[in-house]
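Structure below is query.cif: mmCIF, C-alpha atoms.
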data_model
loop_
_atom_site.label_atom_id
_atom_site.label_comp_id
_atom_site.auth_asym_id
_atom_site.auth_seq_id
_atom_site.Cartn_x
_atom_site.Cartn_y
_atom_site.Cartn_z
CA MET A 1 26.47 -29.89 18.86
CA LYS A 2 26.16 -29.10 22.56
CA LEU A 3 26.40 -25.50 23.61
CA TYR A 4 26.62 -24.76 27.33
CA CYS A 5 24.82 -21.85 28.89
CA ALA A 6 25.83 -20.04 32.08
CA THR A 7 22.41 -18.74 33.01
CA THR A 8 20.33 -20.06 35.89
CA ASN A 9 17.42 -17.77 34.97
CA LYS A 10 14.61 -20.04 33.77
CA GLY A 11 12.97 -17.35 31.62
CA LYS A 12 16.22 -16.71 29.75
CA LEU A 13 17.02 -20.40 29.39
CA ARG A 14 13.60 -21.01 27.85
CA GLU A 15 14.22 -18.22 25.34
CA PHE A 16 17.69 -19.52 24.47
CA ARG A 17 16.35 -23.01 23.83
CA LEU A 18 13.47 -21.73 21.74
CA ALA A 19 15.92 -19.63 19.69
CA ALA A 20 18.19 -22.64 19.07
CA GLU A 21 15.20 -24.72 18.02
CA ARG A 22 14.00 -22.03 15.60
CA PHE A 23 17.50 -21.68 14.17
CA GLY A 24 17.83 -25.42 13.53
CA GLY A 25 21.11 -27.20 12.90
CA GLY A 26 20.75 -29.51 15.89
CA ILE A 27 22.31 -27.21 18.49
CA GLU A 28 21.35 -28.32 21.98
CA ILE A 29 21.61 -25.83 24.82
CA GLU A 30 22.66 -27.39 28.10
CA THR A 31 23.29 -25.99 31.54
CA VAL A 32 26.50 -26.85 33.39
CA PRO A 33 25.82 -29.33 36.21
CA GLY A 34 26.66 -27.78 39.57
CA LEU A 35 27.11 -24.26 38.12
CA GLU A 36 24.93 -22.76 40.86
CA ARG A 37 27.47 -23.95 43.43
CA ILE A 38 30.36 -22.10 41.76
CA GLU A 39 31.10 -18.68 43.25
CA PRO A 40 29.94 -16.23 40.55
CA PRO A 41 32.19 -13.44 39.26
CA GLU A 42 31.12 -9.95 40.30
CA GLU A 43 29.28 -7.84 37.74
CA HIS A 44 30.97 -4.49 37.95
CA GLY A 45 31.16 -3.73 34.25
CA GLU A 46 29.92 -0.48 32.80
CA THR A 47 28.78 -2.23 29.61
CA PHE A 48 26.76 -5.36 28.90
CA GLU A 49 29.77 -6.64 26.97
CA GLU A 50 32.06 -6.47 30.00
CA ASN A 51 29.66 -8.43 32.19
CA ALA A 52 28.74 -11.03 29.58
CA ILE A 53 32.42 -11.57 28.69
CA ALA A 54 33.52 -11.86 32.33
CA LYS A 55 30.85 -14.48 32.96
CA ALA A 56 31.49 -16.45 29.78
CA VAL A 57 35.27 -16.59 30.23
CA TYR A 58 34.93 -17.53 33.91
CA TYR A 59 32.27 -20.21 33.63
CA SER A 60 33.70 -21.71 30.44
CA ARG A 61 36.49 -23.19 32.59
CA TYR A 62 33.85 -25.45 34.16
CA ALA A 63 32.14 -26.53 30.93
CA PRO A 64 33.16 -29.48 28.75
CA GLY A 65 32.55 -27.47 25.56
CA PRO A 66 31.86 -23.91 24.32
CA LEU A 67 29.79 -21.90 26.78
CA PHE A 68 27.88 -18.65 26.45
CA ALA A 69 26.70 -16.15 29.03
CA ASP A 70 24.44 -13.19 28.55
CA ASP A 71 23.99 -9.79 30.08
CA SER A 72 20.97 -7.73 29.24
CA GLY A 73 18.94 -4.79 30.37
CA LEU A 74 16.81 -1.80 29.57
CA GLU A 75 18.17 1.58 28.45
CA VAL A 76 15.79 4.51 28.91
CA ASP A 77 16.64 7.69 27.02
CA ALA A 78 14.93 10.03 29.53
CA LEU A 79 17.01 8.44 32.32
CA GLY A 80 20.32 8.83 30.50
CA GLY A 81 20.47 5.13 29.66
CA ASP A 82 19.48 3.86 33.13
CA PRO A 83 18.82 1.30 34.49
CA GLY A 84 21.20 -0.26 31.89
CA VAL A 85 23.62 -2.81 33.34
CA ARG A 86 21.85 -2.36 36.69
CA SER A 87 18.43 -3.37 35.33
CA ALA A 88 18.11 -6.57 37.37
CA ARG A 89 19.05 -4.83 40.62
CA TYR A 90 17.47 -1.42 39.88
CA ALA A 91 15.33 -1.42 43.07
CA GLY A 92 18.18 -2.96 45.09
CA PRO A 93 20.05 -6.27 45.37
CA GLY A 94 17.71 -9.21 44.93
CA ALA A 95 14.86 -6.95 43.76
CA THR A 96 11.86 -8.69 42.14
CA ASP A 97 10.59 -7.86 38.66
CA ALA A 98 7.55 -6.17 40.26
CA GLU A 99 9.76 -3.93 42.45
CA ASN A 100 11.96 -2.93 39.53
CA ASN A 101 8.92 -2.18 37.36
CA ARG A 102 7.40 -0.05 40.10
CA LEU A 103 10.57 1.99 40.53
CA LEU A 104 10.84 2.52 36.78
CA LEU A 105 7.23 3.79 36.61
CA GLU A 106 7.96 6.21 39.46
CA GLN A 107 11.12 7.51 37.78
CA MET A 108 9.23 7.99 34.52
CA ARG A 109 6.19 9.72 36.01
CA GLY A 110 5.30 12.64 33.78
CA ALA A 111 8.16 11.97 31.35
CA LYS A 112 7.27 12.91 27.75
CA ASN A 113 10.13 11.07 26.08
CA ARG A 114 9.40 7.39 26.77
CA ALA A 115 11.81 5.88 24.23
CA ALA A 116 13.67 2.83 25.52
CA ARG A 117 15.50 -0.20 24.24
CA PHE A 118 16.28 -3.64 25.47
CA VAL A 119 19.89 -4.69 24.92
CA CYS A 120 21.28 -8.21 25.15
CA VAL A 121 24.90 -9.24 24.74
CA VAL A 122 25.80 -12.89 24.47
CA ALA A 123 29.48 -13.79 24.93
CA LEU A 124 30.91 -17.12 23.86
CA ALA A 125 34.03 -18.68 25.36
CA GLU A 126 35.82 -22.02 25.41
CA ARG A 127 38.19 -23.20 28.15
CA GLY A 128 38.71 -19.68 29.46
CA ARG A 129 39.24 -18.07 26.07
CA LEU A 130 36.79 -15.57 24.60
CA LEU A 131 35.60 -16.42 21.08
CA GLY A 132 33.33 -13.44 20.50
CA SER A 133 30.39 -11.37 21.69
CA PHE A 134 27.11 -10.68 19.94
CA ARG A 135 24.71 -7.80 20.56
CA GLY A 136 21.00 -7.50 19.89
CA THR A 137 18.65 -4.59 20.59
CA VAL A 138 14.95 -3.81 20.24
CA GLU A 139 13.48 -0.30 20.34
CA GLY A 140 10.20 0.49 22.09
CA GLN A 141 8.22 2.92 24.26
CA LEU A 142 7.60 2.70 27.98
CA LEU A 143 3.96 2.32 29.02
CA GLU A 144 2.42 4.12 32.02
CA ALA A 145 1.15 0.88 33.54
CA PRO A 146 2.08 -2.80 33.06
CA ARG A 147 0.29 -4.81 30.37
CA GLY A 148 0.36 -8.57 29.79
CA GLU A 149 1.39 -11.68 31.69
CA ASN A 150 3.98 -13.32 29.39
CA GLY A 151 7.73 -12.78 29.43
CA PHE A 152 9.59 -11.48 32.45
CA GLY A 153 11.60 -8.50 33.69
CA TYR A 154 10.45 -5.20 32.20
CA ASP A 155 8.43 -6.82 29.39
CA PRO A 156 5.02 -5.62 30.76
CA LEU A 157 6.15 -1.97 30.51
CA PHE A 158 7.77 -2.28 27.09
CA TYR A 159 5.43 -1.36 24.24
CA TYR A 160 6.66 -2.59 20.87
CA PRO A 161 5.04 -0.42 18.14
CA PRO A 162 5.18 -2.97 15.25
CA PHE A 163 3.16 -5.43 17.36
CA GLY A 164 0.83 -2.81 18.87
CA CYS A 165 1.22 -4.40 22.30
CA SER A 166 3.71 -4.88 25.12
CA LEU A 167 6.29 -7.67 24.94
CA ALA A 168 4.44 -9.34 27.84
CA GLU A 169 1.32 -9.46 25.64
CA ALA A 170 3.20 -11.10 22.74
CA SER A 171 3.65 -14.86 22.56
CA ALA A 172 7.07 -16.30 23.37
CA GLU A 173 7.61 -17.06 19.66
CA GLN A 174 6.55 -13.55 18.58
CA LYS A 175 8.72 -11.89 21.19
CA LEU A 176 11.79 -13.94 20.32
CA SER A 177 11.51 -13.08 16.62
CA VAL A 178 12.11 -9.38 17.37
CA SER A 179 13.72 -9.30 20.80
CA HIS A 180 17.21 -8.26 21.86
CA ARG A 181 17.85 -11.76 23.20
CA GLY A 182 16.54 -13.45 20.06
CA LYS A 183 18.78 -11.29 17.85
CA ALA A 184 21.90 -11.72 19.97
CA ILE A 185 21.58 -15.47 20.17
CA GLU A 186 20.79 -15.72 16.47
CA ALA A 187 23.95 -13.76 15.68
CA MET A 188 25.95 -16.22 17.80
CA LEU A 189 24.31 -19.26 16.21
CA ARG A 190 24.95 -17.88 12.71
CA TRP A 191 28.58 -17.37 13.63
CA LEU A 192 28.87 -20.90 15.04
CA ALA A 193 27.13 -22.43 12.04
CA GLY A 194 29.01 -20.74 9.27
CA GLY A 195 31.45 -18.09 10.18
CA ARG A 196 33.46 -19.84 12.85
CA ALA A 197 36.12 -21.30 10.60
CA ARG A 198 36.55 -18.00 8.79
CA ALA A 199 36.07 -15.64 11.69
CA GLY A 200 37.92 -17.61 14.26
CA MET B 1 28.35 5.37 3.02
CA LYS B 2 30.94 7.12 5.17
CA LEU B 3 32.30 5.27 8.15
CA TYR B 4 34.48 7.16 10.60
CA CYS B 5 37.51 5.62 12.18
CA ALA B 6 39.05 6.61 15.52
CA THR B 7 42.55 5.42 14.82
CA THR B 8 45.51 7.70 14.20
CA ASN B 9 47.78 4.69 13.51
CA LYS B 10 48.69 4.86 9.82
CA GLY B 11 49.35 1.11 9.52
CA LYS B 12 45.93 0.28 10.89
CA LEU B 13 44.19 2.91 8.81
CA ARG B 14 45.77 1.50 5.65
CA GLU B 15 44.52 -1.97 6.56
CA PHE B 16 41.02 -0.72 7.33
CA ARG B 17 40.81 1.07 3.97
CA LEU B 18 42.12 -1.93 2.09
CA ALA B 19 39.56 -4.15 3.85
CA ALA B 20 36.70 -1.80 2.94
CA GLU B 21 37.87 -1.72 -0.67
CA ARG B 22 38.06 -5.52 -0.85
CA PHE B 23 34.62 -5.81 0.71
CA GLY B 24 33.05 -3.44 -1.81
CA GLY B 25 29.70 -1.72 -1.34
CA GLY B 26 31.14 1.77 -1.56
CA ILE B 27 32.03 2.18 2.10
CA GLU B 28 34.53 4.99 2.58
CA ILE B 29 36.63 5.08 5.72
CA GLU B 30 37.32 8.57 6.98
CA THR B 31 39.20 9.93 9.94
CA VAL B 32 37.58 12.55 12.18
CA PRO B 33 39.15 15.98 11.61
CA GLY B 34 40.84 17.21 14.78
CA LEU B 35 40.52 13.87 16.56
CA GLU B 36 44.16 13.98 17.61
CA ARG B 37 43.39 17.14 19.59
CA ILE B 38 40.64 15.46 21.66
CA GLU B 39 41.82 14.11 25.04
CA PRO B 40 41.78 10.33 24.59
CA PRO B 41 39.99 8.03 27.05
CA GLU B 42 42.31 5.90 29.19
CA GLU B 43 42.75 2.27 28.20
CA HIS B 44 42.39 0.39 31.44
CA GLY B 45 40.27 -2.50 30.21
CA GLU B 46 41.20 -6.09 30.85
CA THR B 47 39.78 -7.15 27.46
CA PHE B 48 40.15 -5.84 23.92
CA GLU B 49 36.37 -5.41 23.89
CA GLU B 50 36.42 -3.01 26.85
CA ASN B 51 39.06 -0.79 25.27
CA ALA B 52 37.58 -0.81 21.77
CA ILE B 53 34.10 -0.07 23.13
CA ALA B 54 35.30 2.74 25.39
CA LYS B 55 37.08 4.39 22.47
CA ALA B 56 34.23 3.94 20.00
CA VAL B 57 31.54 5.28 22.34
CA TYR B 58 33.72 8.22 23.38
CA TYR B 59 34.94 9.33 19.95
CA SER B 60 31.59 8.73 18.24
CA ARG B 61 30.30 11.85 19.98
CA TYR B 62 32.69 13.86 17.79
CA ALA B 63 31.85 12.14 14.49
CA PRO B 64 29.07 13.14 12.09
CA GLY B 65 28.19 9.46 11.45
CA PRO B 66 28.90 5.93 12.70
CA LEU B 67 32.44 5.53 14.01
CA PHE B 68 34.54 2.50 14.81
CA ALA B 69 37.58 2.04 17.02
CA ASP B 70 39.79 -0.98 17.36
CA ASP B 71 41.87 -2.56 20.04
CA SER B 72 44.21 -5.36 19.21
CA GLY B 73 47.18 -7.26 20.46
CA LEU B 74 49.11 -10.47 20.73
CA GLU B 75 48.27 -13.29 23.15
CA VAL B 76 51.11 -15.71 23.86
CA ASP B 77 50.15 -19.02 25.48
CA ALA B 78 53.51 -19.53 27.22
CA LEU B 79 53.15 -16.05 28.78
CA GLY B 80 49.62 -16.70 30.07
CA GLY B 81 48.07 -14.52 27.38
CA ASP B 82 50.54 -11.62 27.71
CA PRO B 83 51.21 -9.05 26.34
CA GLY B 84 47.47 -8.99 25.46
CA VAL B 85 45.81 -5.61 25.95
CA ARG B 86 49.24 -4.23 26.86
CA SER B 87 50.82 -5.22 23.54
CA ALA B 88 51.44 -1.69 22.31
CA ARG B 89 53.06 -0.60 25.61
CA TYR B 90 54.72 -3.92 26.48
CA ALA B 91 58.20 -2.43 26.81
CA GLY B 92 56.79 0.70 28.49
CA PRO B 93 54.68 3.75 27.60
CA GLY B 94 55.52 5.02 24.13
CA ALA B 95 57.59 1.91 23.32
CA THR B 96 58.53 1.39 19.67
CA ASP B 97 57.71 -1.77 17.72
CA ALA B 98 61.38 -2.73 17.83
CA GLU B 99 61.53 -2.38 21.63
CA ASN B 100 58.40 -4.44 22.11
CA ASN B 101 59.66 -7.14 19.76
CA ARG B 102 62.99 -7.29 21.59
CA LEU B 103 61.30 -7.71 24.96
CA LEU B 104 59.03 -10.44 23.60
CA LEU B 105 62.02 -12.37 22.24
CA GLU B 106 63.73 -12.09 25.62
CA GLN B 107 60.65 -13.33 27.47
CA MET B 108 60.33 -16.25 25.06
CA ARG B 109 63.99 -17.30 25.14
CA GLY B 110 64.09 -21.08 25.38
CA ALA B 111 60.29 -21.45 25.41
CA LYS B 112 59.13 -24.65 23.69
CA ASN B 113 55.49 -23.69 23.36
CA ARG B 114 55.53 -20.76 20.92
CA ALA B 115 51.81 -20.70 20.10
CA ALA B 116 50.35 -17.20 19.87
CA ARG B 117 47.42 -15.40 18.36
CA PHE B 118 46.68 -11.91 17.21
CA VAL B 119 43.31 -10.61 18.37
CA CYS B 120 41.48 -7.56 17.02
CA VAL B 121 38.20 -6.16 18.28
CA VAL B 122 36.43 -3.47 16.32
CA ALA B 123 33.63 -1.62 18.12
CA LEU B 124 31.06 0.47 16.28
CA ALA B 125 29.13 3.35 17.84
CA GLU B 126 26.96 6.24 16.77
CA ARG B 127 26.40 9.45 18.76
CA GLY B 128 27.64 7.86 21.98
CA ARG B 129 25.67 4.66 21.64
CA LEU B 130 27.33 1.29 21.07
CA LEU B 131 25.99 -0.65 18.08
CA GLY B 132 28.14 -3.76 18.40
CA SER B 133 31.63 -5.21 18.59
CA PHE B 134 33.33 -7.64 16.25
CA ARG B 135 36.26 -9.94 17.01
CA GLY B 136 38.80 -11.54 14.70
CA THR B 137 41.75 -13.77 15.56
CA VAL B 138 44.61 -15.47 13.74
CA GLU B 139 46.70 -18.33 15.17
CA GLY B 140 50.45 -18.59 14.65
CA GLN B 141 53.85 -19.45 16.12
CA LEU B 142 56.46 -17.04 17.45
CA LEU B 143 59.76 -17.00 15.61
CA GLU B 144 63.15 -16.75 17.34
CA ALA B 145 64.22 -13.76 15.26
CA PRO B 146 62.30 -11.17 13.21
CA ARG B 147 61.59 -11.89 9.55
CA GLY B 148 60.25 -9.52 6.90
CA GLU B 149 59.77 -5.81 6.41
CA ASN B 150 56.04 -5.44 5.75
CA GLY B 151 53.30 -4.89 8.30
CA PHE B 152 53.96 -3.41 11.73
CA GLY B 153 53.85 -4.28 15.43
CA TYR B 154 54.73 -7.91 16.14
CA ASP B 155 54.23 -9.04 12.52
CA PRO B 156 57.97 -9.87 11.97
CA LEU B 157 57.87 -12.39 14.86
CA PHE B 158 54.54 -13.98 13.90
CA TYR B 159 54.93 -17.06 11.73
CA TYR B 160 51.71 -18.03 9.99
CA PRO B 161 51.92 -21.75 9.06
CA PRO B 162 49.47 -21.74 6.10
CA PHE B 163 51.63 -19.10 4.37
CA GLY B 164 54.94 -20.62 5.46
CA CYS B 165 56.26 -17.17 6.36
CA SER B 166 55.87 -14.38 8.90
CA LEU B 167 53.08 -11.82 8.52
CA ALA B 168 55.78 -9.23 7.80
CA GLU B 169 56.87 -11.32 4.80
CA ALA B 170 53.33 -11.54 3.40
CA SER B 171 51.92 -8.80 1.18
CA ALA B 172 49.38 -6.40 2.66
CA GLU B 173 46.61 -8.11 0.65
CA GLN B 174 47.67 -11.59 1.74
CA LYS B 175 47.94 -10.59 5.37
CA LEU B 176 44.55 -8.90 5.40
CA SER B 177 42.82 -11.96 3.97
CA VAL B 178 43.71 -14.01 7.07
CA SER B 179 44.49 -11.47 9.77
CA HIS B 180 42.67 -10.67 13.00
CA ARG B 181 42.10 -7.13 11.76
CA GLY B 182 40.86 -8.27 8.36
CA LYS B 183 38.36 -10.66 9.96
CA ALA B 184 37.10 -8.19 12.57
CA ILE B 185 36.51 -5.43 10.04
CA GLU B 186 34.90 -7.83 7.59
CA ALA B 187 32.50 -8.97 10.32
CA MET B 188 31.59 -5.32 10.94
CA LEU B 189 31.15 -4.55 7.25
CA ARG B 190 28.96 -7.64 6.76
CA TRP B 191 26.84 -6.51 9.69
CA LEU B 192 26.56 -2.98 8.29
CA ALA B 193 25.74 -4.19 4.79
CA GLY B 194 23.12 -6.75 5.58
CA GLY B 195 22.46 -7.55 9.15
CA ARG B 196 21.99 -4.08 10.55
CA ALA B 197 18.23 -3.81 10.08
CA ARG B 198 17.71 -7.30 11.48
CA ALA B 199 20.38 -7.28 14.14
CA GLY B 200 19.96 -3.77 15.22
#

What is this structure when it is put down as structure tokens?
Amino acid sequence: MKLYCATTNKGKLREFRLAAERFGGGIEIETVPGLERIEPPEEHGETFEENAIAKAVYYSRYAPGPLFADDSGLEVDALGGDPGVRSARYAGPGATDAENNRLLLEQMRGAKNRAARFVCVVALAERGRLLGSFRGTVEGQLLEAPRGENGFGYDPLFYYPPFGCSLAEASAEQKLSVSHRGKAIEAMLRWLAGGRARAG
Amino acid sequence: MKLYCATTNKGKLREFRLAAERFGGGIEIETVPGLERIEPPEEHGETFEENAIAKAVYYSRYAPGPLFADDSGLEVDALGGDPGVRSARYAGPGATDAENNRLLLEQMRGAKNRAARFVCVVALAERGRLLGSFRGTVEGQLLEAPRGENGFGYDPLFYYPPFGCSLAEASAEQKLSVSHRGKAIEAMLRWLAGGRARAG
């Protein structure tokens, strides 16, 4: 089946497609032609769920089949859960990954408690109606300097103890097998594959 | 394990306990002592997810273990999805089931399209941190007069075609096996029982 995706972020899209391939079942992830020309809804939610749901419901009106949208970010315990839903724009609107990473390192200078988690919520909707939302998280520790060239976002600062390296040092396959995004999308694909008739 | 529940609605609590019993695995659903004396968060969300999540995160700070909260309601196609998140207060703050049912019948007088669905979202949180949310729905048709004495809320007006009766004419067991609430709680219990380590 074809599953439409609201993201225009190439890094995320790559991860979604890799996850669908790993899961099997012949699910193809497609973007919606012309989506980048549609005025996006504002992301004012206080939770990843609110933002992912708003995007999925909104964009699903423009898709010929079920569509999912994601919202994700980094929660840092020492910063009271920041940057959270503001992760992508932590250093300001349109901030680059490098600027956001720099600001995070500054905020964390000298912090003893470096526990953090990535959170991803994927929401699934069809013709303007929400079908469900699926959450995945991964727990790690913030490094004091970036490590690795893979991934994107805060990956270079996110040390994942079971791997003994940052998520930017892991391969795409490795990262996806443990990541917030990998878990959220897998939960959605499991639901689509088996649970939909019962859960829906 | 003990699972705490934020609801003070006896009808819902009964359904949650019955669902846990059916599911097995020794999960006991407990209320939080003194919860009714804690100032509740306001329910201003535009989605069931927002309200369920706000309640779960808030009340979980007062519970000694994982706590869930639900938000649920009736979406009527001919009313553009109303009463939706306002189902419990459709006829005004503190409205009774009978008042809400009466208003719904009035609004639907003469409507040809009587398609409606119950939606339930259960959100699960622990010590102020959201673990996930789980959605269940059930599709039906609105009757032109109430039928049956079981259940609560809009059940007497909700005709469920596979049963050939309203949800207020079905037994509690029957209703739970197909209901929005039954499906949402089952999704949460499945996640707790098996998927938590992987999904979490």

Polymer residues at most 12 Å from Glu99 of chain B, only C-alpha atoms, same-chain spacing of 3 or more positions, as a VMD selection string: chain B and resid 87 to 96 102 to 106 153 to 154

List as JSON lines every residue of chain B that is in contact with chain A, defined as an atom at most 12 Å from one of its atoms (using only C-alpha atoms), together with the nearest atom pair and the distance in Å rounded to one decimal, sorted by chain and then rising number.
{"residue": "B:Gly45", "atom": "CA", "partner": "A:Glu50", "partner_atom": "CA", "distance": 9.1}
{"residue": "B:Glu46", "atom": "CA", "partner": "A:Glu50", "partner_atom": "CA", "distance": 9.2}
{"residue": "B:Thr47", "atom": "CA", "partner": "A:Glu50", "partner_atom": "CA", "distance": 8.2}
{"residue": "B:Phe48", "atom": "CA", "partner": "A:Glu50", "partner_atom": "CA", "distance": 10.1}
{"residue": "B:Glu49", "atom": "CA", "partner": "A:Glu49", "partner_atom": "CA", "distance": 7.4}
{"residue": "B:Glu50", "atom": "CA", "partner": "A:Glu50", "partner_atom": "CA", "distance": 6.4}
{"residue": "B:Asn51", "atom": "CA", "partner": "A:Glu50", "partner_atom": "CA", "distance": 10.2}
{"residue": "B:Ala52", "atom": "CA", "partner": "A:Glu49", "partner_atom": "CA", "distance": 11.0}
{"residue": "B:Ile53", "atom": "CA", "partner": "A:Thr47", "partner_atom": "CA", "distance": 8.7}
{"residue": "B:Ala54", "atom": "CA", "partner": "A:Thr47", "partner_atom": "CA", "distance": 9.2}
{"residue": "B:Val57", "atom": "CA", "partner": "A:Thr47", "partner_atom": "CA", "distance": 10.8}
{"residue": "B:Glu75", "atom": "CA", "partner": "A:Arg129", "partner_atom": "CA", "distance": 10.6}
{"residue": "B:Asp77", "atom": "CA", "partner": "A:Arg129", "partner_atom": "CA", "distance": 11.0}
{"residue": "B:Gly80", "atom": "CA", "partner": "A:Arg129", "partner_atom": "CA", "distance": 11.2}
{"residue": "B:Gly81", "atom": "CA", "partner": "A:Arg129", "partner_atom": "CA", "distance": 9.6}
{"residue": "B:Arg117", "atom": "CA", "partner": "A:Gly200", "partner_atom": "CA", "distance": 10.6}
{"residue": "B:Phe118", "atom": "CA", "partner": "A:Gly200", "partner_atom": "CA", "distance": 10.9}
{"residue": "B:Val119", "atom": "CA", "partner": "A:Gly200", "partner_atom": "CA", "distance": 9.7}
{"residue": "B:Cys120", "atom": "CA", "partner": "A:Gly132", "partner_atom": "CA", "distance": 10.6}
{"residue": "B:Val121", "atom": "CA", "partner": "A:Gly132", "partner_atom": "CA", "distance": 9.0}
{"residue": "B:Val122", "atom": "CA", "partner": "A:Gly132", "partner_atom": "CA", "distance": 11.2}
{"residue": "B:Ala123", "atom": "CA", "partner": "A:Ser133", "partner_atom": "CA", "distance": 10.9}
{"residue": "B:Leu124", "atom": "CA", "partner": "A:Arg135", "partner_atom": "CA", "distance": 11.3}
{"residue": "B:Gly128", "atom": "CA", "partner": "A:Gly81", "partner_atom": "CA", "distance": 10.9}
{"residue": "B:Arg129", "atom": "CA", "partner": "A:Gly81", "partner_atom": "CA", "distance": 9.6}
{"residue": "B:Leu130", "atom": "CA", "partner": "A:Thr47", "partner_atom": "CA", "distance": 9.4}
{"residue": "B:Leu131", "atom": "CA", "partner": "A:Arg135", "partner_atom": "CA", "distance": 7.7}
{"residue": "B:Gly132", "atom": "CA", "partner": "A:Arg135", "partner_atom": "CA", "distance": 5.7}
{"residue": "B:Ser133", "atom": "CA", "partner": "A:Ser133", "partner_atom": "CA", "distance": 7.0}
{"residue": "B:Phe134", "atom": "CA", "partner": "A:Gly132", "partner_atom": "CA", "distance": 7.2}
{"residue": "B:Arg135", "atom": "CA", "partner": "A:Gly132", "partner_atom": "CA", "distance": 5.7}
{"residue": "B:Gly136", "atom": "CA", "partner": "A:Ala199", "partner_atom": "CA", "distance": 5.8}
{"residue": "B:Thr137", "atom": "CA", "partner": "A:Gly200", "partner_atom": "CA", "distance": 5.6}
{"residue": "B:Val138", "atom": "CA", "partner": "A:Gly200", "partner_atom": "CA", "distance": 7.0}
{"residue": "B:Glu139", "atom": "CA", "partner": "A:Gly200", "partner_atom": "CA", "distance": 8.9}
{"residue": "B:Ser177", "atom": "CA", "partner": "A:Arg198", "partner_atom": "CA", "distance": 10.0}
{"residue": "B:Val178", "atom": "CA", "partner": "A:Arg198", "partner_atom": "CA", "distance": 8.4}
{"residue": "B:Ser179", "atom": "CA", "partner": "A:Ala199", "partner_atom": "CA", "distance": 9.6}
{"residue": "B:His180", "atom": "CA", "partner": "A:Ala199", "partner_atom": "CA", "distance": 8.4}
{"residue": "B:Arg181", "atom": "CA", "partner": "A:Ala199", "partner_atom": "CA", "distance": 10.4}
{"residue": "B:Gly182", "atom": "CA", "partner": "A:Ala199", "partner_atom": "CA", "distance": 9.4}
{"residue": "B:Lys183", "atom": "CA", "partner": "A:Ala199", "partner_atom": "CA", "distance": 5.7}
{"residue": "B:Ala184", "atom": "CA", "partner": "A:Ala199", "partner_atom": "CA", "distance": 7.6}
{"residue": "B:Ile185", "atom": "CA", "partner": "A:Ala199", "partner_atom": "CA", "distance": 10.4}
{"residue": "B:Glu186", "atom": "CA", "partner": "A:Ala199", "partner_atom": "CA", "distance": 8.9}
{"residue": "B:Ala187", "atom": "CA", "partner": "A:Ala199", "partner_atom": "CA", "distance": 7.7}
{"residue": "B:Met188", "atom": "CA", "partner": "A:Ala199", "partner_atom": "CA", "distance": 11.3}
{"residue": "B:Arg190", "atom": "CA", "partner": "A:Gly195", "partner_atom": "CA", "distance": 11.3}
{"residue": "B:Trp191", "atom": "CA", "partner": "A:Ala187", "partner_atom": "CA", "distance": 9.8}
{"residue": "B:Gly195", "atom": "CA", "partner": "A:Ala187", "partner_atom": "CA", "distance": 9.1}
{"residue": "B:Arg196", "atom": "CA", "partner": "A:Gly136", "partner_atom": "CA", "distance": 10.0}
{"residue": "B:Ala197", "atom": "CA", "partner": "A:Thr137", "partner_atom": "CA", "distance": 10.5}
{"residue": "B:Arg198", "atom": "CA", "partner": "A:Lys183", "partner_atom": "CA", "distance": 7.6}
{"residue": "B:Ala199", "atom": "CA", "partner": "A:Lys183", "partner_atom": "CA", "distance": 5.7}
{"residue": "B:Gly200", "atom": "CA", "partner": "A:Thr137", "partner_atom": "CA", "distance": 5.6}

Report, in Å with one decimal, the straight-line distance from atom CA of Val85 of chain B to atom CA of Ala115 of chain B.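 So the two atoms, atom CA of Val85 of chain B and atom CA of Ala115 of chain B, lie 17.3 Å apart.
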
Carefully work through the PyMOL selection byres ((chain A and resi 3) around 8) for this structure and note down the residues it includes, as a PyMOL selection string. chain A and resi 1-2+4-5+27-30+65-68

Could you check the closest approach to Tyr62 of chain A for each of A:Gly34, A:Gly140, A:Pro83, A:Gly151 and tell me which residue wins, using all atoms listed in the file?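 Among the listed residues, the smallest separation from Tyr62 of chain A belongs to A:Gly34.
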
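With atom CA of Arg147 of chain A on one side and atom CA of Thr7 of chain A on the other, the separation reads 26.3 Å.
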
So which one's closest to Ala20 of chain A, A:Asp82, A:Glu144, A:Glu173, A:Glu39? Using all atoms listed in the file, please.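 Result for the nearest residue to Ala20 of chain A: A:Glu173.
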
Pick out the residues sitting within 8 Å of Ala6 of chain A, and hand them over as JSON, numbers by chain; count all atoms listed in the file, and ignore anything fewer than 3 positions along from it in its own chain. {"A": [31, 32, 35, 55, 56, 59, 67, 68, 69, 70]}

Report as a PyMOL selection string the full result of the PyMOL selection byres ((chain B and resi 143) around 10) when it is applied to this structure. chain B and resi 105+108+114-115+140-142+144-147+156-160+165-166

Enter the distance from atom CA of Phe16 of chain B to atom CA of Gly73 of chain B, in Å, rounded to one decimal.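 Separation between atom CA of Phe16 of chain B and atom CA of Gly73 of chain B: 15.9 Å.
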
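For the residues B:Ser72, B:Asn150, B:Asn113, B:Thr8, ranking by smallest atom-to-atom distance to Leu167 of chain B using all atoms listed in the file places B:Asn150 first.
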
Box for segment 13-22 of chain A: with edges along x, y and z, all listed atoms inside and 5 Å added on each side, what are the centre and edge lengths in Å to one decimal, as AutoDock Vina command-line options?
--center_x 15.8 --center_y -21.5 --center_z 22.5 --size_x 14.7 --size_y 16.5 --size_z 23.8
